[in-house]
>>> print(open('run-v9.txt').read())   # compact mmCIF, C-alpha atoms
# COMPACT_ATOMS: atom_id res chain seq x y z
CA MET A 1 46.61 45.59 162.43
CA ILE A 2 44.10 47.75 160.56
CA LEU A 3 41.83 44.75 159.99
CA ALA A 4 42.09 43.80 163.68
CA GLU A 5 41.23 47.36 164.70
CA TYR A 6 38.25 47.29 162.35
CA LEU A 7 37.02 43.97 163.77
CA CYS A 8 37.26 45.27 167.34
CA ASP A 9 35.65 48.67 166.69
CA PHE A 10 32.94 47.81 164.18
CA VAL A 11 32.11 44.14 164.73
CA LEU A 12 32.91 43.02 168.27
CA GLU A 13 32.06 46.21 170.16
CA PRO A 14 28.61 46.74 168.56
CA ALA A 15 27.85 43.03 168.91
CA SER A 16 28.75 43.03 172.59
CA LYS A 17 26.76 46.23 173.21
CA SER A 18 23.72 44.73 171.50
CA LEU A 19 23.92 41.58 173.60
CA ILE A 20 24.61 43.31 176.90
CA ASN A 21 23.69 46.91 177.61
CA GLU A 22 26.67 47.55 179.85
CA TYR A 23 30.36 47.14 179.06
CA SER A 24 31.10 43.48 178.44
CA LEU A 25 34.25 41.43 178.50
CA ILE A 26 33.99 40.45 174.82
CA ASN A 27 36.07 43.48 173.86
CA LEU A 28 38.75 42.49 176.35
CA ILE A 29 38.78 38.81 175.47
CA LEU A 30 39.08 39.28 171.71
CA CYS A 31 41.48 42.22 171.69
CA PHE A 32 43.32 41.34 168.49
CA PRO A 33 45.29 44.59 168.07
CA LYS A 34 47.12 44.06 171.36
CA GLY A 35 47.99 40.50 170.38
CA ILE A 36 49.20 41.54 166.96
CA LEU A 37 51.29 44.32 168.52
CA ILE A 38 53.21 41.84 170.69
CA ILE A 39 53.63 39.13 168.04
CA ILE A 40 54.80 41.53 165.30
CA THR A 41 57.41 43.04 167.62
CA TRP A 42 58.54 39.60 168.77
CA LEU A 43 58.95 38.40 165.19
CA PHE A 44 60.37 41.48 163.44
CA ARG A 45 62.19 43.34 166.26
CA ALA A 46 62.97 47.01 165.43
CA LYS A 47 61.57 46.67 161.91
CA GLY A 48 58.27 45.62 163.48
CA VAL A 49 58.12 48.87 165.46
CA MET A 50 58.12 50.86 162.21
CA TYR A 51 55.32 48.69 160.81
CA LEU A 52 53.32 49.15 164.00
CA LEU A 53 53.83 52.91 164.11
CA ILE A 54 52.65 53.30 160.53
CA THR A 55 49.64 50.99 160.86
CA GLY A 56 48.83 52.42 164.30
CA LEU A 57 48.72 55.94 162.93
CA ILE A 58 46.66 54.89 159.92
CA SER A 59 44.16 52.79 161.87
CA GLN A 60 43.73 55.34 164.64
CA TYR A 61 43.31 58.14 162.11
CA VAL A 62 40.74 56.16 160.13
CA PHE A 63 38.74 54.85 163.10
CA HIS A 64 39.27 57.60 165.72
CA ALA A 65 39.93 60.77 163.72
CA ASP A 66 37.86 62.88 166.12
CA GLU A 67 40.35 62.27 168.96
CA ILE A 68 43.51 63.60 167.29
CA ASP A 69 45.72 65.65 169.64
CA ILE A 70 49.20 65.45 171.17
CA TRP A 71 48.07 62.68 173.55
CA PHE A 72 46.78 60.72 170.57
CA PHE A 73 50.22 60.67 168.92
CA SER A 74 52.09 60.05 172.18
CA SER A 75 49.90 57.07 173.03
CA ILE A 76 50.46 55.52 169.58
CA ILE A 77 54.22 55.99 169.92
CA ILE A 78 54.28 54.57 173.46
CA PHE A 79 52.07 51.56 172.71
CA SER A 80 53.89 50.73 169.46
CA THR A 81 57.37 50.90 170.96
CA MET A 82 56.68 49.40 174.40
CA PRO A 83 57.05 45.70 173.39
CA PHE A 84 60.39 46.45 171.69
CA ILE A 85 61.64 48.39 174.74
CA ILE A 86 60.63 45.54 177.07
CA LEU A 87 62.28 42.94 174.81
CA GLU A 88 65.48 45.01 174.76
CA MET A 89 65.35 45.39 178.57
CA PHE A 90 65.11 41.60 178.92
CA LYS A 91 67.98 41.22 176.44
CA ALA A 92 70.10 43.69 178.45
CA CYS A 93 69.46 41.53 181.53
CA GLY A 94 70.72 38.44 179.71
CA ILE A 95 67.37 36.97 178.63
CA ASP A 96 67.08 37.08 174.85
CA MET A 97 63.36 36.49 174.24
CA TYR A 98 63.48 37.00 170.47
CA GLN A 99 62.74 33.58 169.02
CA MET A 100 64.92 31.84 171.61
CA PRO A 101 67.42 29.54 169.92
CA GLY A 102 67.52 26.03 171.30
CA ILE A 103 63.86 26.12 172.33
CA ALA A 104 61.22 24.69 170.04
CA LEU A 105 59.04 27.34 168.44
CA ARG A 106 55.86 25.81 169.85
CA LYS A 107 57.25 26.14 173.41
CA GLN A 108 58.17 29.80 173.04
CA TRP A 109 54.62 30.92 173.80
CA ARG A 110 55.69 31.24 177.44
CA SER A 111 58.11 34.02 176.57
CA ILE A 112 55.38 35.78 174.59
CA ILE A 113 52.98 35.59 177.56
CA LEU A 114 55.66 36.97 179.92
CA LEU A 115 56.41 39.78 177.47
CA THR A 116 52.69 40.50 177.20
CA PHE A 117 52.24 40.70 180.95
CA VAL A 118 55.15 43.10 181.45
CA CYS A 119 54.05 45.25 178.48
CA ALA A 120 50.49 45.37 179.80
CA VAL A 121 51.61 46.71 183.17
CA PHE A 122 53.79 49.40 181.59
CA ASN A 123 51.12 50.27 179.00
CA ALA A 124 48.49 50.63 181.73
CA ILE A 125 50.74 52.94 183.76
CA PHE A 126 51.45 55.10 180.70
CA HIS A 127 47.78 55.03 179.71
CA ALA A 128 46.79 56.19 183.21
CA GLN A 129 49.34 58.99 182.98
CA ILE A 130 48.04 60.10 179.59
CA MET A 131 44.45 60.04 180.85
CA ALA A 132 45.45 62.03 183.94
CA ASN A 133 47.14 64.64 181.73
CA LYS A 134 43.93 64.89 179.71
CA GLY A 135 42.01 65.49 182.95
CA VAL A 136 40.35 62.09 183.16
CA MET A 137 40.98 60.31 186.45
CA GLN A 138 40.67 56.54 186.52
CA ASP A 139 41.42 53.89 189.08
CA THR A 140 44.91 52.77 188.07
CA MET A 141 44.56 49.24 189.47
CA ILE A 142 41.41 48.59 187.44
CA LEU A 143 43.14 49.99 184.35
CA ILE A 144 46.16 47.70 184.93
CA LEU A 145 43.93 44.64 185.37
CA GLN A 146 41.97 45.47 182.21
CA GLU A 147 45.19 45.96 180.23
CA VAL A 148 46.73 42.72 181.51
CA PHE A 149 43.55 40.76 180.80
CA ALA A 150 43.05 42.30 177.32
CA ASN A 151 46.70 41.88 176.33
CA ILE A 152 47.03 38.27 177.47
CA THR A 153 43.72 37.13 175.99
CA GLY A 154 44.47 39.05 172.78
CA VAL A 155 47.86 37.36 172.41
CA VAL A 156 46.47 33.92 173.25
CA THR A 157 43.64 34.42 170.74
CA CYS A 158 46.14 35.50 168.05
CA LEU A 159 48.43 32.56 168.81
CA ILE A 160 45.49 30.14 168.56
CA LEU A 161 44.41 31.68 165.24
CA ILE A 162 48.00 31.47 163.92
CA SER A 163 48.19 27.83 165.00
CA ILE A 164 44.89 27.01 163.30
CA GLY A 165 45.99 28.88 160.17
CA ALA A 166 49.31 27.01 160.08
CA ARG A 167 47.52 23.67 160.43
CA ILE A 168 45.16 24.55 157.60
CA VAL A 169 48.08 25.54 155.37
CA LEU A 170 49.89 22.29 156.20
CA LEU A 171 46.70 20.33 155.55
CA PHE A 172 46.39 21.69 152.00
CA GLN A 173 50.11 21.64 151.22
CA PRO A 174 51.00 19.12 148.49
CA ARG A 175 52.95 16.17 149.79
CA ASN A 176 56.17 14.87 148.25
CA ASN A 177 55.98 11.15 147.56
>>> encode(input="run-v9.txt", output="structure tokens")
Amino acid sequence: MILAEYLCDFVLEPASKSLINEYSLINLILCFPKGILIIITWLFRAKGVMYLLITGLISQYVFHADEIDIWFFSSIIIFSTMPFIILEMFKACGIDMYQMPGIALRKQWRSIILLTFVCAVFNAIFHAQIMANKGVMQDTMILILQEVFANITGVVTCLILISIGARIVLLFQPRNN
């Protein structure tokens, strides 16, 4: 999570600003922290929330120390716990999306994308509320669309990287004859 935050803040954002003077979509397309947030929660459940809270606090403190206030901590808590809350809401409705038994692991990406979409909508609403409490007014619909786009592309990018990594590991794994 900390490495993903570093990549986004100090590699992708400056690179996109140097290529295009205005805000570009590179930051939204390669939003690794949002993808990691969803995948960690999906894999580790409640234990993952603790990992995300700790790494979220560390990475935000290291990379955004000038923005520390009550809204800073509340946003970290909300964004770190939101995937777990959504997964538990689905589970309460009878849809257990945690590594669904009976469905092949490679087909479970659909549940991750659905989880990502629902989390993005809730995160955007909470983010708009936090920004409004800080006195910054934004168009909520644009914020929701940016969150949905960043979350889904971040998760898809992370899933592709995990798939490539798994194939590389399998490629170099010694074979039993």
>>> closest_residue(input="run-v9.txt", among="A:Ala128, A:Ile86, A:Leu53, A:His64", to="Phe10 in chain A", atoms="only C-alpha atoms")
A:His64
>>> atom_distance(input="run-v9.txt", atom1="CA of Leu170 in chain A", atom2="CA of Trp42 in chain A")
23.1 Å
>>> residues_around(input="run-v9.txt", residues="Ser163 in chain A", least_positions_apart="5", cutoff="12 Å", atoms="all atoms listed in the file", output="list in words")
Leu105, Arg106, Trp109, Val156, Thr157, Cys158, Ile168, Val169 and Leu170 of chain A
>>> closest_residue(input="run-v9.txt", among="A:Ile70, A:Ile36, A:Ala4, A:Leu115", to="Ile85 in chain A", atoms="all atoms listed in the file")
A:Leu115
>>> residues_around(input="run-v9.txt", residues="Leu52 in chain A", least_positions_apart="3", cutoff="9 Å", atoms="all atoms listed in the file", output="count of residues only")
13
>>> closest_residue(input="run-v9.txt", among="A:Ile2, A:Ile164, A:Cys93, A:Met141", to="Ala120 in chain A", atoms="all atoms listed in the file")
A:Met141
>>> atom_distance(input="run-v9.txt", atom1="CA of Trp71 in chain A", atom2="CA of Met137 in chain A")
14.9 Å
>>> closest_residue(input="run-v9.txt", among="A:Met50, A:Ile125, A:Met100, A:Ile38", to="Pro83 in chain A", atoms="only C-alpha atoms")
A:Ile38
>>> closest_residue(input="run-v9.txt", among="A:Ile39, A:Ser74, A:Gly94, A:Arg45", to="Gln129 in chain A", atoms="all atoms listed in the file")
A:Ser74
>>> decode(input="run-v9.txt", residues="range 32-68 of chain A", atoms="N, CA and C atoms", output="PDB file, in the first residue's frame")
ATOM      1  N   PHE A  32      -3.369   2.471  -8.100  1.00  0.00           N
ATOM      2  CA  PHE A  32      -3.063   1.234  -7.397  1.00  0.00           C
ATOM      3  C   PHE A  32      -3.584   1.177  -5.961  1.00  0.00           C
ATOM      4  N   PRO A  33      -3.504   2.257  -5.183  1.00  0.00           N
ATOM      5  CA  PRO A  33      -3.959   2.139  -3.791  1.00  0.00           C
ATOM      6  C   PRO A  33      -5.421   1.720  -3.661  1.00  0.00           C
ATOM      7  N   LYS A  34      -6.265   2.184  -4.554  1.00  0.00           N
ATOM      8  CA  LYS A  34      -7.676   1.806  -4.487  1.00  0.00           C
ATOM      9  C   LYS A  34      -7.857   0.332  -4.828  1.00  0.00           C
ATOM     10  N   GLY A  35      -7.080  -0.155  -5.786  1.00  0.00           N
ATOM     11  CA  GLY A  35      -7.148  -1.569  -6.129  1.00  0.00           C
ATOM     12  C   GLY A  35      -6.641  -2.454  -5.014  1.00  0.00           C
ATOM     13  N   ILE A  36      -5.553  -2.043  -4.399  1.00  0.00           N
ATOM     14  CA  ILE A  36      -4.989  -2.812  -3.289  1.00  0.00           C
ATOM     15  C   ILE A  36      -5.957  -2.836  -2.113  1.00  0.00           C
ATOM     16  N   LEU A  37      -6.599  -1.713  -1.862  1.00  0.00           N
ATOM     17  CA  LEU A  37      -7.573  -1.607  -0.770  1.00  0.00           C
ATOM     18  C   LEU A  37      -8.674  -2.665  -0.908  1.00  0.00           C
ATOM     19  N   ILE A  38      -9.226  -2.788  -2.093  1.00  0.00           N
ATOM     20  CA  ILE A  38     -10.309  -3.754  -2.338  1.00  0.00           C
ATOM     21  C   ILE A  38      -9.791  -5.187  -2.243  1.00  0.00           C
ATOM     22  N   ILE A  39      -8.684  -5.479  -2.883  1.00  0.00           N
ATOM     23  CA  ILE A  39      -8.179  -6.852  -2.946  1.00  0.00           C
ATOM     24  C   ILE A  39      -7.739  -7.347  -1.564  1.00  0.00           C
ATOM     25  N   ILE A  40      -7.067  -6.487  -0.785  1.00  0.00           N
ATOM     26  CA  ILE A  40      -6.642  -6.885   0.562  1.00  0.00           C
ATOM     27  C   ILE A  40      -7.859  -7.208   1.427  1.00  0.00           C
ATOM     28  N   THR A  41      -8.881  -6.358   1.362  1.00  0.00           N
ATOM     29  CA  THR A  41     -10.083  -6.613   2.161  1.00  0.00           C
ATOM     30  C   THR A  41     -10.772  -7.888   1.703  1.00  0.00           C
ATOM     31  N   TRP A  42     -10.839  -8.117   0.412  1.00  0.00           N
ATOM     32  CA  TRP A  42     -11.486  -9.309  -0.130  1.00  0.00           C
ATOM     33  C   TRP A  42     -10.748 -10.570   0.310  1.00  0.00           C
ATOM     34  N   LEU A  43      -9.423 -10.508   0.356  1.00  0.00           N
ATOM     35  CA  LEU A  43      -8.638 -11.683   0.726  1.00  0.00           C
ATOM     36  C   LEU A  43      -8.580 -11.933   2.233  1.00  0.00           C
ATOM     37  N   PHE A  44      -8.394 -10.859   3.028  1.00  0.00           N
ATOM     38  CA  PHE A  44      -8.105 -11.034   4.451  1.00  0.00           C
ATOM     39  C   PHE A  44      -9.245 -10.656   5.392  1.00  0.00           C
ATOM     40  N   ARG A  45     -10.369 -10.202   4.852  1.00  0.00           N
ATOM     41  CA  ARG A  45     -11.557  -9.850   5.644  1.00  0.00           C
ATOM     42  C   ARG A  45     -11.237  -8.813   6.710  1.00  0.00           C
ATOM     43  N   ALA A  46     -11.647  -9.050   7.965  1.00  0.00           N
ATOM     44  CA  ALA A  46     -11.478  -8.064   9.042  1.00  0.00           C
ATOM     45  C   ALA A  46      -9.999  -7.827   9.360  1.00  0.00           C
ATOM     46  N   LYS A  47      -9.180  -8.862   9.228  1.00  0.00           N
ATOM     47  CA  LYS A  47      -7.750  -8.703   9.455  1.00  0.00           C
ATOM     48  C   LYS A  47      -7.156  -7.712   8.445  1.00  0.00           C
ATOM     49  N   GLY A  48      -7.674  -7.743   7.228  1.00  0.00           N
ATOM     50  CA  GLY A  48      -7.216  -6.826   6.189  1.00  0.00           C
ATOM     51  C   GLY A  48      -7.506  -5.376   6.520  1.00  0.00           C
ATOM     52  N   VAL A  49      -8.615  -5.129   7.224  1.00  0.00           N
ATOM     53  CA  VAL A  49      -8.963  -3.757   7.607  1.00  0.00           C
ATOM     54  C   VAL A  49      -7.888  -3.197   8.531  1.00  0.00           C
ATOM     55  N   MET A  50      -7.408  -3.993   9.459  1.00  0.00           N
ATOM     56  CA  MET A  50      -6.351  -3.531  10.365  1.00  0.00           C
ATOM     57  C   MET A  50      -5.072  -3.208   9.594  1.00  0.00           C
ATOM     58  N   TYR A  51      -4.711  -4.081   8.646  1.00  0.00           N
ATOM     59  CA  TYR A  51      -3.534  -3.813   7.813  1.00  0.00           C
ATOM     60  C   TYR A  51      -3.705  -2.505   7.055  1.00  0.00           C
ATOM     61  N   LEU A  52      -4.889  -2.303   6.496  1.00  0.00           N
ATOM     62  CA  LEU A  52      -5.146  -1.111   5.691  1.00  0.00           C
ATOM     63  C   LEU A  52      -5.168   0.156   6.535  1.00  0.00           C
ATOM     64  N   LEU A  53      -5.723   0.065   7.736  1.00  0.00           N
ATOM     65  CA  LEU A  53      -5.717   1.237   8.615  1.00  0.00           C
ATOM     66  C   LEU A  53      -4.287   1.648   8.972  1.00  0.00           C
ATOM     67  N   ILE A  54      -3.479   0.676   9.318  1.00  0.00           N
ATOM     68  CA  ILE A  54      -2.095   0.967   9.704  1.00  0.00           C
ATOM     69  C   ILE A  54      -1.314   1.519   8.515  1.00  0.00           C
ATOM     70  N   THR A  55      -1.367   0.843   7.376  1.00  0.00           N
ATOM     71  CA  THR A  55      -0.619   1.330   6.212  1.00  0.00           C
ATOM     72  C   THR A  55      -1.198   2.631   5.677  1.00  0.00           C
ATOM     73  N   GLY A  56      -2.516   2.808   5.781  1.00  0.00           N
ATOM     74  CA  GLY A  56      -3.131   4.065   5.352  1.00  0.00           C
ATOM     75  C   GLY A  56      -2.650   5.238   6.182  1.00  0.00           C
ATOM     76  N   LEU A  57      -2.607   5.042   7.496  1.00  0.00           N
ATOM     77  CA  LEU A  57      -2.108   6.101   8.378  1.00  0.00           C
ATOM     78  C   LEU A  57      -0.638   6.404   8.109  1.00  0.00           C
ATOM     79  N   ILE A  58       0.163   5.357   7.946  1.00  0.00           N
ATOM     80  CA  ILE A  58       1.589   5.564   7.696  1.00  0.00           C
ATOM     81  C   ILE A  58       1.810   6.267   6.359  1.00  0.00           C
ATOM     82  N   SER A  59       1.190   5.760   5.298  1.00  0.00           N
ATOM     83  CA  SER A  59       1.423   6.348   3.975  1.00  0.00           C
ATOM     84  C   SER A  59       0.885   7.773   3.878  1.00  0.00           C
ATOM     85  N   GLN A  60      -0.264   8.022   4.463  1.00  0.00           N
ATOM     86  CA  GLN A  60      -0.794   9.387   4.406  1.00  0.00           C
ATOM     87  C   GLN A  60       0.043  10.335   5.255  1.00  0.00           C
ATOM     88  N   TYR A  61       0.557   9.847   6.376  1.00  0.00           N
ATOM     89  CA  TYR A  61       1.402  10.692   7.215  1.00  0.00           C
ATOM     90  C   TYR A  61       2.720  11.003   6.503  1.00  0.00           C
ATOM     91  N   VAL A  62       3.284  10.005   5.849  1.00  0.00           N
ATOM     92  CA  VAL A  62       4.561  10.197   5.162  1.00  0.00           C
ATOM     93  C   VAL A  62       4.403  11.100   3.939  1.00  0.00           C
ATOM     94  N   PHE A  63       3.362  10.873   3.147  1.00  0.00           N
ATOM     95  CA  PHE A  63       3.228  11.584   1.873  1.00  0.00           C
ATOM     96  C   PHE A  63       2.368  12.838   1.946  1.00  0.00           C
ATOM     97  N   HIS A  64       1.500  12.957   2.958  1.00  0.00           N
ATOM     98  CA  HIS A  64       0.596  14.110   3.048  1.00  0.00           C
ATOM     99  C   HIS A  64       0.557  14.655   4.471  1.00  0.00           C
ATOM    100  N   ALA A  65       1.686  14.792   5.103  1.00  0.00           N
ATOM    101  CA  ALA A  65       1.747  15.202   6.509  1.00  0.00           C
ATOM    102  C   ALA A  65       1.216  16.614   6.735  1.00  0.00           C
ATOM    103  N   ASP A  66       1.228  17.442   5.695  1.00  0.00           N
ATOM    104  CA  ASP A  66       0.758  18.819   5.849  1.00  0.00           C
ATOM    105  C   ASP A  66      -0.759  18.928   5.933  1.00  0.00           C
ATOM    106  N   GLU A  67      -1.482  17.842   5.675  1.00  0.00           N
ATOM    107  CA  GLU A  67      -2.943  17.868   5.661  1.00  0.00           C
ATOM    108  C   GLU A  67      -3.570  17.195   6.887  1.00  0.00           C
ATOM    109  N   ILE A  68      -2.827  16.997   7.942  1.00  0.00           N
ATOM    110  CA  ILE A  68      -3.330  16.244   9.088  1.00  0.00           C
ATOM    111  C   ILE A  68      -4.328  17.089   9.886  1.00  0.00           C
TER     112      ILE A  68
END
